[in-house]
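A quick write-up on the structure given underneath.
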Amino acid sequence: LSHIDFFGTIILPFLLLVMSRGAFSFGYAKPVPINPYHFKRPKRDFMLVGLAGPLANISIALILAFFLKLTSLFYDVIVWGIVINLILGFFNLLPIPPLDGSKAVACFLPSRFYFNFLRLEMVGFIIIIFLIMIGFFEWFILPLIKIVLSLLGIEGVV
């Protein structure tokens with residue numbers, strides 16, 4: 001419950017669901033607090049923390065694909081587990097604060113730009129909504145997912 005953001009977890013998903021007549025919803029939670037002062041190499045370690053989530057999603061998708069090769073039991077559930085984890089992984093790799101990919105990009109920036117870039121978290125959500133509205137996912141994220149699914153031998157899902 002400590003990660004529930006009242007607006008991002010409750011109000012926004014509800015509003016989007018109502019405004020899209022049940023076709024679309026999106027939400028977010030409070031970020032996990034990270035204290036970079038505990039890092040030995042702050043920029044590199046901050047990047048590794050940022051990549052952990054998306055890489056976990058992609059790893060889960062690959063593990064599910066392995067299970068799919070072993071059995072066709074629960075085929076639809078496993079395939080949708082793969083698709084959802086790929087969507088989350090690729091989405092979170094986008095270099096837009098507050099998404100995890102922004103932490104990976106930030107570590108390559110000179111110090112004078114580093115903190116300013118991370119401050120974009122305040123408007124990053126607006127950028128994400130804008131990208132959703134202009135169809136960014138249909139022409140960028142979904143093709144990536146289709147490529148990975150094809151490489152895994154899964155066709156015709158998305």
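A note on labels: chains of the structure tokens are A, B, ... as shown, every chain counts residues from 1, and ligands are counted from 1 in their shown order.
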
Report task. Mind checking which residues fall within 10 Å of Ala56 of chain A, counting only C-alpha atoms, ignoring those fewer than 3 positions away in the same chain, and posting them as a ChimeraX atom specification? Result -> /A:51-53,59-62,85-86,88-89

Report task. Quick one: everything within 8 Å of Ala29 of chain A, counting only C-alpha atoms, minus sequence neighbours fewer than 5 positions away in the same chain. Send it as a list in words. Result ->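 Near neighbours after the sequence-gap exclusion: His3, Ile4, Asp5, Gly8 and Thr9 of chain A.
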
**Report entry** Within 9 Å of segment 113-124 of chain A using only C-alpha atoms, minus same-chain residues under 4 positions, as a ChimeraX atom specification
**Finding:** /A:96-99,102-103,106-109,128-129

Query - Residue among A:Met47, A:Val83, A:Thr71, A:Phe6 lying closest to Lys30 of chain A, counting only C-alpha atoms - result: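 Under the stated criterion, the closest residue is A:Phe6.
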
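Atom CA of Val148 of chain A sits 16.9 Å away from atom CA of Leu94 of chain A.
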
**Report entry** Between atom CA of Leu64 of chain A and atom CA of Gly81 of chain A - distance in Å to one decimal
**Finding:**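 For atom CA of Gly81 of chain A relative to atom CA of Leu64 of chain A, the distance reads 7.3 Å.
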
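For the pair atom CA of Phe137 of chain A and atom CA of Phe91 of chain A, the interatomic distance is 8.6 Å.
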